[in-house]
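Data block for query_8.cif (mmCIF, C-alpha atoms):
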data_coords
loop_
_atom_site.label_atom_id
_atom_site.label_comp_id
_atom_site.auth_asym_id
_atom_site.auth_seq_id
_atom_site.Cartn_x
_atom_site.Cartn_y
_atom_site.Cartn_z
CA MET A 266 -28.71 83.38 43.44
CA GLU A 267 -30.13 81.21 40.69
CA ILE A 268 -29.82 77.45 40.59
CA ILE A 269 -30.77 74.96 37.90
CA LEU A 270 -31.35 71.40 39.11
CA ARG A 271 -31.76 68.20 37.17
CA ALA A 272 -35.29 66.81 37.52
CA SER A 273 -35.62 63.92 35.15
CA GLU A 274 -36.82 61.31 37.63
CA LEU A 275 -37.91 61.11 41.25
CA ARG A 276 -34.46 59.87 42.26
CA ASP A 277 -32.95 63.24 41.29
CA MET A 278 -35.09 64.90 43.92
CA GLN A 279 -34.01 62.37 46.50
CA ILE A 280 -30.39 63.32 45.82
CA THR A 281 -31.28 67.02 46.05
CA ASP A 282 -33.53 66.81 49.08
CA GLY A 283 -35.77 69.30 50.87
CA ARG A 284 -32.92 70.78 52.93
CA VAL A 285 -31.34 72.16 49.77
CA PHE A 286 -34.56 73.89 48.80
CA ARG A 287 -34.90 75.32 52.31
CA LYS A 288 -31.38 76.76 52.23
CA ILE A 289 -31.90 78.34 48.83
CA LYS A 290 -35.16 79.84 50.00
CA GLU A 291 -33.51 81.28 53.13
CA ALA A 292 -30.86 82.88 50.94
CA GLY A 293 -33.58 84.42 48.73
CA GLY A 294 -32.55 82.35 45.73
CA SER A 295 -34.58 80.82 42.90
CA VAL A 296 -34.65 77.21 41.68
CA TYR A 297 -35.16 76.13 38.06
CA LEU A 298 -35.67 72.53 36.99
CA CYS A 299 -34.31 70.94 33.85
CA GLU A 300 -35.01 67.40 32.60
CA ARG A 301 -31.81 66.94 30.60
CA LEU A 302 -29.24 68.89 32.60
CA HIS A 303 -25.94 67.06 32.97
CA ALA A 304 -23.44 69.97 33.16
CA LYS A 305 -21.91 70.82 36.52
CA PHE A 306 -20.66 74.36 36.99
CA ILE A 307 -20.83 77.30 39.39
CA LEU A 308 -20.51 80.94 38.35
CA VAL A 309 -19.74 83.68 40.86
CA ASP A 310 -20.17 87.37 40.10
CA GLU A 311 -19.62 86.83 36.37
CA CYS A 312 -15.88 86.42 36.90
CA GLU A 313 -15.27 83.15 38.75
CA LEU A 314 -16.07 79.70 37.41
CA VAL A 315 -15.86 76.15 38.75
CA LEU A 316 -16.43 73.61 36.00
CA GLY A 317 -15.94 69.86 36.21
CA SER A 318 -17.33 66.37 36.66
CA ALA A 319 -18.50 66.70 40.27
CA ASN A 320 -22.09 67.00 41.38
CA PHE A 321 -22.48 69.51 44.18
CA THR A 322 -23.25 66.84 46.73
CA ASP A 323 -21.43 65.30 49.70
CA SER A 324 -19.83 62.61 47.58
CA GLY A 325 -18.99 65.02 44.77
CA LEU A 326 -17.31 67.55 47.01
CA SER A 327 -15.63 65.31 49.64
CA ASP A 328 -11.92 64.55 49.47
CA SER A 329 -10.50 61.53 47.70
CA LYS A 330 -10.50 59.39 50.86
CA SER A 331 -14.27 59.21 51.11
CA GLY A 332 -15.87 60.91 48.12
CA ASN A 333 -16.06 60.25 44.38
CA LEU A 334 -12.94 60.71 42.31
CA GLU A 335 -13.61 63.82 40.25
CA ALA A 336 -11.78 66.37 38.11
CA GLY A 337 -12.58 70.08 37.86
CA THR A 338 -11.24 73.50 36.93
CA TYR A 339 -11.34 76.76 38.78
CA TYR A 340 -11.04 79.84 36.59
CA LYS A 341 -10.90 83.45 37.65
CA GLY A 342 -10.92 86.02 34.88
CA ALA A 343 -11.01 89.77 34.58
CA GLU A 344 -14.55 91.16 34.40
CA ASP A 345 -14.26 91.82 30.67
CA ASP A 346 -12.26 88.80 29.46
CA GLY A 347 -15.34 87.14 27.92
CA HIS A 348 -14.72 83.51 28.97
CA VAL A 349 -16.92 83.57 32.07
CA LYS A 350 -19.51 85.61 30.14
CA LYS A 351 -19.83 82.73 27.65
CA MET A 352 -20.69 80.34 30.50
CA LEU A 353 -23.18 82.84 31.89
CA ASP A 354 -24.87 82.99 28.48
CA TYR A 355 -24.98 79.18 28.47
CA PHE A 356 -26.55 79.17 31.96
CA ASN A 357 -29.20 81.68 30.85
CA ASN A 358 -29.88 79.67 27.71
CA ILE A 359 -30.57 76.50 29.74
CA LYS A 360 -32.72 78.49 32.17
CA LYS A 361 -34.75 80.12 29.40
CA ASN A 362 -35.06 77.36 26.82
CA TYR A 363 -34.68 74.04 28.58
CA SER A 364 -36.17 74.39 32.05
CA LEU A 365 -39.55 73.02 33.13
CA MET B 230 -53.23 40.03 23.75
CA LEU B 231 -54.32 40.69 27.28
CA ASN B 232 -57.50 38.72 27.78
CA PRO B 233 -60.54 37.48 25.97
CA VAL B 234 -63.12 39.63 27.78
CA ARG B 235 -66.03 37.65 26.46
CA LEU B 236 -66.33 35.04 23.75
CA ARG B 237 -66.80 37.75 21.11
CA GLU B 238 -64.52 40.42 22.57
CA PHE B 239 -60.87 40.80 23.60
CA GLU B 240 -58.34 43.41 24.69
CA PHE B 241 -54.73 43.95 23.73
CA ILE B 242 -51.93 46.40 24.54
CA LEU B 243 -51.03 48.71 21.64
CA LEU B 244 -47.30 48.74 21.06
CA ASP B 245 -47.50 50.95 17.99
CA GLU B 246 -50.04 53.18 16.31
CA LYS B 247 -50.98 50.94 13.39
CA PHE B 248 -54.31 49.99 14.91
CA PRO B 249 -56.81 52.83 14.68
CA VAL B 250 -60.46 52.24 15.52
CA PHE B 251 -62.17 50.05 12.83
CA SER B 252 -58.90 48.47 11.72
CA TYR B 253 -58.70 44.68 11.49
CA VAL B 254 -56.31 42.50 13.48
CA GLU B 255 -55.38 38.82 13.35
CA ILE B 256 -54.18 36.38 15.97
CA LYS B 257 -52.60 33.15 14.84
CA HIS B 258 -53.43 30.14 16.96
CA GLY B 259 -51.48 27.06 15.90
CA ASN B 260 -50.91 26.46 12.20
CA GLU B 261 -54.49 26.31 11.04
CA THR B 262 -56.48 28.81 13.05
CA ILE B 263 -56.58 32.60 12.75
CA TYR B 264 -58.81 34.76 14.93
CA VAL B 265 -59.93 37.92 13.15
CA GLY B 266 -60.95 40.99 15.13
CA ARG B 267 -61.99 44.59 14.54
CA VAL B 268 -60.84 47.37 16.89
CA ASN B 269 -63.85 48.98 18.54
CA SER B 270 -62.24 51.44 20.94
CA ILE B 271 -58.89 52.44 22.40
CA TYR B 272 -58.37 53.40 26.03
CA ALA B 273 -55.34 55.30 27.33
CA TYR B 274 -54.17 54.96 30.92
CA ASP B 275 -51.66 57.50 32.20
CA LEU B 276 -49.11 55.53 34.18
CA GLY B 277 -48.02 58.78 35.80
CA PHE B 278 -51.04 58.71 38.08
CA PHE B 279 -50.67 57.18 41.49
CA SER B 280 -52.67 54.27 42.67
CA ASN B 281 -55.03 54.91 45.53
CA PRO B 282 -52.68 55.48 48.51
CA PHE B 283 -55.40 54.50 50.95
CA ARG B 284 -55.53 50.99 49.62
CA ASN B 285 -53.04 48.47 50.88
CA LYS B 286 -51.72 47.06 47.66
CA ASP B 287 -50.86 48.41 44.25
CA ASP B 288 -53.26 47.82 41.40
CA GLY B 289 -50.45 47.02 38.99
CA VAL B 290 -51.42 49.63 36.41
CA THR B 291 -50.75 52.99 38.05
CA ALA B 292 -47.61 54.08 39.91
CA SER B 293 -46.56 52.56 43.21
CA VAL B 294 -47.68 53.73 46.63
CA GLN B 295 -43.99 53.95 47.58
CA ASP B 296 -43.43 56.79 45.12
CA PHE B 297 -46.53 58.53 46.40
CA LYS B 298 -45.18 58.30 49.95
CA LYS B 299 -41.73 59.55 48.91
CA ILE B 300 -43.20 62.67 47.38
CA LEU B 301 -46.01 63.48 49.75
CA SER B 302 -44.90 62.18 53.13
CA GLN B 303 -41.16 62.31 53.54
CA ASP B 304 -40.49 65.98 53.09
CA THR B 305 -42.51 68.97 54.09
CA GLU B 306 -40.72 71.57 51.97
CA ASP B 307 -43.31 72.81 49.47
CA SER B 308 -40.93 73.79 46.69
CA TRP B 309 -39.15 70.44 46.94
CA ARG B 310 -42.49 68.62 46.71
CA LYS B 311 -43.39 70.51 43.54
CA ALA B 312 -39.95 69.74 42.09
CA ALA B 313 -40.31 66.06 43.05
CA LEU B 314 -43.71 65.85 41.34
CA LEU B 315 -42.36 67.46 38.17
CA ALA B 316 -39.37 65.13 38.21
CA TYR B 317 -41.68 62.17 38.75
CA PHE B 318 -43.93 63.11 35.84
CA SER B 319 -40.93 63.75 33.56
CA ASP B 320 -40.06 60.11 34.04
CA ASN B 321 -43.47 58.46 34.13
CA ARG B 322 -45.90 60.30 31.92
CA SER B 323 -46.41 57.68 29.27
CA PRO B 324 -49.89 56.55 28.43
CA LEU B 325 -50.54 52.84 28.16
CA GLN B 326 -52.96 52.20 25.31
CA ILE B 327 -55.32 49.28 25.41
CA ALA B 328 -57.52 48.41 22.44
CA ASN B 329 -60.84 46.67 22.78
CA ALA B 330 -61.71 44.53 19.76
CA GLU B 331 -64.69 42.55 18.59
CA LEU B 332 -64.01 39.04 17.38
CA VAL B 333 -65.31 38.93 13.79
CA CYS B 334 -64.73 35.25 13.12
CA VAL B 335 -62.26 32.42 13.42
CA LEU B 336 -60.69 31.20 10.19
CA GLN B 337 -60.03 27.50 9.99
CA GLY B 338 -58.35 26.82 6.67
CA ASN B 339 -60.09 29.14 4.24
CA PHE B 340 -63.44 29.28 5.91
CA PRO B 341 -64.85 31.68 8.50
CA ASN B 342 -66.51 30.06 11.48
CA VAL B 343 -68.20 31.24 14.62
CA PRO B 344 -65.77 31.07 17.57
CA GLU B 345 -66.69 28.41 20.06
CA CYS B 346 -64.30 29.09 22.91
CA PRO B 347 -62.11 31.99 24.08
CA PHE B 348 -58.47 31.86 22.96
CA ASP B 349 -55.26 32.09 24.98
CA ALA B 350 -54.06 35.32 26.57
CA GLY B 351 -50.50 36.37 25.71
CA LEU B 352 -50.68 35.71 21.97
CA PRO B 353 -49.27 38.47 19.73
CA VAL B 354 -51.79 40.56 17.77
CA TYR B 355 -50.91 41.73 14.25
CA LYS B 356 -52.56 43.95 11.69
CA ALA B 357 -54.75 41.66 9.58
CA SER B 358 -53.47 40.95 6.06
CA LYS B 359 -55.69 41.68 3.07
CA GLU B 360 -55.94 37.94 2.44
CA THR B 361 -57.19 37.28 5.98
CA ILE B 362 -59.83 40.02 5.80
CA GLU B 363 -61.04 38.76 2.42
CA LYS B 364 -61.42 35.22 3.78
CA ALA B 365 -63.18 36.49 6.90
CA PHE B 366 -65.79 38.34 4.89
CA LYS B 367 -66.28 35.79 2.11
CA LYS B 368 -70.02 35.68 1.57
CA GLY B 369 -71.62 32.66 -0.08
CA ASN B 370 -71.32 31.53 -3.68
CA MET B 371 -72.59 34.77 -5.19
CA PRO B 372 -70.72 37.61 -3.50
CA LEU B 373 -72.07 40.99 -4.55
CA VAL B 374 -69.69 43.91 -4.07
CA VAL B 375 -71.46 46.76 -2.31
CA GLY B 376 -68.49 48.92 -1.29
CA ARG B 377 -65.27 48.77 0.63
CA LEU B 378 -64.69 47.70 4.24
CA LYS B 379 -63.94 50.81 6.25
CA GLY B 380 -60.23 51.41 6.77
CA THR B 381 -59.18 48.74 4.22
CA ASP B 382 -58.81 48.14 0.48
CA VAL B 383 -60.94 45.02 0.76
CA SER B 384 -64.28 44.85 -1.05
CA ALA B 385 -67.35 44.58 1.14
CA THR B 386 -69.69 41.95 -0.22
CA ILE B 387 -73.04 40.50 0.62
CA ASP B 388 -74.32 37.12 -0.44
CA PHE B 389 -76.71 37.68 -3.34
CA GLU B 390 -78.53 34.46 -2.62
CA GLU B 391 -79.35 35.88 0.80
CA VAL B 392 -80.50 39.15 -0.79
CA LEU B 393 -83.05 37.27 -2.86
CA LYS B 394 -84.30 35.03 -0.10
CA ARG B 395 -84.49 37.42 2.81
CA HIS B 396 -85.50 40.92 3.77
CA ILE B 397 -82.68 43.41 4.16
CA MET B 398 -82.60 46.51 6.30
CA VAL B 399 -80.10 49.19 5.30
CA THR B 400 -79.23 51.65 8.05
CA GLY B 401 -76.67 54.44 8.35
CA VAL B 402 -76.22 58.15 8.95
CA THR B 403 -76.89 60.72 6.22
CA GLY B 404 -74.32 60.39 3.46
CA SER B 405 -73.12 56.95 4.48
CA GLY B 406 -74.33 55.42 1.21
CA LYS B 407 -77.78 53.94 1.89
CA SER B 408 -79.23 55.10 -1.45
CA TYR B 409 -76.14 54.00 -3.37
CA PHE B 410 -76.42 50.57 -1.77
CA GLU B 411 -80.09 50.30 -2.65
CA VAL B 412 -79.51 51.24 -6.30
CA HIS B 413 -76.83 48.55 -6.48
CA ILE B 414 -79.22 45.87 -5.29
CA LYS B 415 -82.07 46.99 -7.59
CA VAL B 416 -79.84 46.92 -10.67
CA PHE B 417 -79.02 43.28 -9.97
CA GLU B 418 -82.64 42.38 -9.34
CA ASP B 419 -83.55 43.92 -12.71
CA VAL B 420 -80.86 42.00 -14.55
CA LEU B 421 -81.88 38.68 -13.07
CA PHE B 422 -85.51 37.76 -13.67
CA PRO B 423 -87.54 34.63 -13.19
CA ILE B 424 -87.72 32.40 -16.22
CA SER B 425 -89.76 29.26 -16.89
CA GLY B 426 -88.75 25.99 -18.53
CA GLU B 427 -91.06 26.77 -21.47
CA GLU B 428 -89.29 30.08 -22.07
CA VAL B 429 -85.90 28.38 -22.14
CA ILE B 430 -87.20 25.79 -24.62
CA LYS B 431 -88.51 28.65 -26.79
CA LEU B 432 -85.11 30.37 -26.65
CA ILE B 433 -83.36 27.14 -27.70
CA ILE B 434 -85.73 26.79 -30.68
CA GLU B 435 -85.24 30.44 -31.68
CA SER B 436 -81.48 29.97 -31.50
CA GLY B 437 -81.68 27.29 -34.18
CA PHE B 438 -81.35 24.18 -32.00
CA ALA B 439 -84.94 22.98 -32.29
CA MET B 440 -83.84 19.36 -32.75
CA LEU B 441 -82.69 19.34 -29.10
CA VAL B 442 -86.15 19.97 -27.69
CA GLN B 443 -88.67 19.18 -30.42
CA GLY B 444 -89.85 15.97 -31.97
CA SER B 445 -90.32 12.55 -30.48
CA SER B 446 -86.74 11.36 -30.14
CA ASN B 447 -85.75 10.03 -26.73
CA GLU B 448 -83.06 12.69 -26.44
CA ALA B 449 -85.41 15.62 -27.15
CA THR B 450 -88.04 14.25 -24.77
CA TYR B 451 -85.44 13.81 -22.04
CA ILE B 452 -83.94 17.33 -22.44
CA LYS B 453 -87.39 18.92 -22.50
CA SER B 454 -88.47 17.11 -19.36
CA GLN B 455 -85.25 18.06 -17.54
CA LEU B 456 -85.66 21.74 -18.43
CA GLU B 457 -89.28 21.74 -17.30
CA LYS B 458 -88.38 19.92 -14.11
CA HIS B 459 -85.50 22.11 -12.98
CA ILE B 460 -86.39 25.56 -14.25
CA ARG B 461 -89.31 27.13 -12.46
CA PRO B 462 -90.56 30.68 -12.82
CA SER B 463 -89.12 31.70 -9.49
CA LEU B 464 -85.71 33.27 -9.08
CA ASP B 465 -85.54 31.85 -5.60
CA THR B 466 -85.94 28.18 -6.49
CA THR B 467 -83.94 28.43 -9.71
CA LEU B 468 -80.91 29.58 -7.76
CA LYS B 469 -81.60 27.32 -4.85
CA GLU B 470 -81.59 24.05 -6.73
CA LYS B 471 -79.26 24.43 -9.68
CA THR B 472 -77.92 27.24 -11.77
CA LEU B 473 -79.28 27.64 -15.28
CA GLU B 474 -75.84 26.83 -16.62
CA GLU B 475 -75.74 23.55 -14.70
CA VAL B 476 -79.19 22.57 -15.95
CA LEU B 477 -78.24 23.36 -19.55
#

If you convert what's in this file into structure tokens, what do you get?
Amino acid sequence: MEIILRASELRDMQITDGRVFRKIKEAGGSVYLCERLHAKFILVDECELVLGSANFTDSGLSDSKSGNLEAGTYYKGAEDDGHVKKMLDYFNNIKKNYSL
Amino acid sequence: MLNPVRLREFEFILLDEKFPVFSYVEIKHGNETIYVGRVNSIYAYDLGFFSNPFRNKDDGVTASVQDFKKILSQDTEDSWRKAALLAYFSDNRSPLQIANAELVCVLQGNFPNVPECPFDAGLPVYKASKETIEKAFKKGNMPLVVGRLKGTDVSATIDFEEVLKRHIMVTGVTGSGKSYFEVHIKVFEDVLFPISGEEVIKLIIESGFAMLVQGSSNEATYIKSQLEKHIRPSLDTTLKEKTLEEVL
């Protein structure tokens, strides 16, 4: 599991608090920090993709009664259809070239 | 302008990079007065550093104690703390530059004067114009160009009258132009030489105007006496009282 988090000001790290880091550590994952990250997407096993406006926070992921009003897409492709691979390349590009 | 530190010194915040060390700055005070300064040194304070957390109040220059507490007290997760520090520095690492300047003079009208009281804090500081620098360094009635003021296109001059009347010490590191300066001064001393009233009278006769200084006419007697009175064989007194041109 690899996660890139926005870290452009102290407030970002108050939104993503210590509990998140603890959970990632328990799962054996790695955290990368990026100053200018604004994209919100999750990739699973190079074939599933969630892409949209929501931050992966309580307000971003709650229903419309209590959370933010968001829009997003879920896409599941075949392993070789290339669309999810493009997003994976984008993720790796941010990780390699734009993280702290 | 932050504050006049002392009568002859002040500090100001640098908002752009036009003010390297040795550059000249001007501060307008009312319509008539311009303070002229020269940048001596520039300090940079990193606002990303925290103020002393063991003191009760912030010092106003470095970051707040609250931020320090947020990062180092609220959460014990090491990786989060590192991330929080990086995030904090991404946002705050901007050095504040403060220049310290020496007050060269205060210009009132066209004339440089010695400042008599500190000026107001909060006034804007600008790069000095060529005109201002020239006025600030105007030296006497006989300015002698000896070079260029460092960091400017303005000629550096010394007052030649002062050169003749006083001793001068020339100091500087190797290659800074001490010998060049000295040659300059000597050339001028060689060109100007003491002359007596009698010698001027002789020159007038040799030039074919003997009637002006010879004979017993009232006019000739008067001119001769004036030349003898005002022209003495000393460069110092000749220049001090009247110029040769004025006497003639």

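What separates atom CA of A:Glu313 from atom CA of A:Asp328 is a distance of 21.7 Å.
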
Neighbour list for stretch 344-357 of chain A as an MDAnalysis selection string, cut-off 9 Å, all atoms listed in the file, skip fewer than 4 positions in-chain:
chainID A and resid 269 306 308 310:314 340 361:362

If you apply the PyMOL selection byres ((chain A and resi 303) around 10) to this file, what residues do you get, as a compact mmCIF listing (two decimals) with C-alpha atoms, in the coordinates of the input?
# COMPACT_ATOMS: atom_id res chain seq x y z
CA LEU A 270 -31.35 71.40 39.11
CA ARG A 271 -31.76 68.20 37.17
CA CYS A 299 -34.31 70.94 33.85
CA GLU A 300 -35.01 67.40 32.60
CA ARG A 301 -31.81 66.94 30.60
CA LEU A 302 -29.24 68.89 32.60
CA ALA A 304 -23.44 69.97 33.16
CA LYS A 305 -21.91 70.82 36.52
CA PHE A 306 -20.66 74.36 36.99
CA SER A 318 -17.33 66.37 36.66
CA ASN A 320 -22.09 67.00 41.38

Can you list, as a PyMOL selection string, every protein, DNA or RNA residue that comes within 10 Å of B:Leu244 when you count all atoms listed in the file, leaving out same-chain residues fewer than 2 positions away?
chain B and resi 241-242+246-248+325-327+354

Within 10 Å of B:Val399 using all atoms listed in the file, minus same-chain residues under 4 positions, as a ChimeraX atom specification:
/B:406-408,410-411

From the set A:Leu334, A:Ile289, A:Ile359, A:Leu275, which residue has the shortest atom-to-atom contact distance to chain B, counting only C-alpha atoms?
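Nearest to chain B: A:Leu275.
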
Neighbours of B:Val374 within 6 Å (only C-alpha atoms; same-chain residues fewer than 2 positions away dropped), as a list of chain:residue names?
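Counting only C-alpha atoms, the residues come to B:Gly376, B:Ala385, B:Thr386.
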
Quick one: of A:Leu298, A:Ala343, A:Ala319, A:Val309, who's nearest to chain B, counting all atoms listed in the file?
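Checking each candidate against chain B, we get A:Leu298 as the closest.
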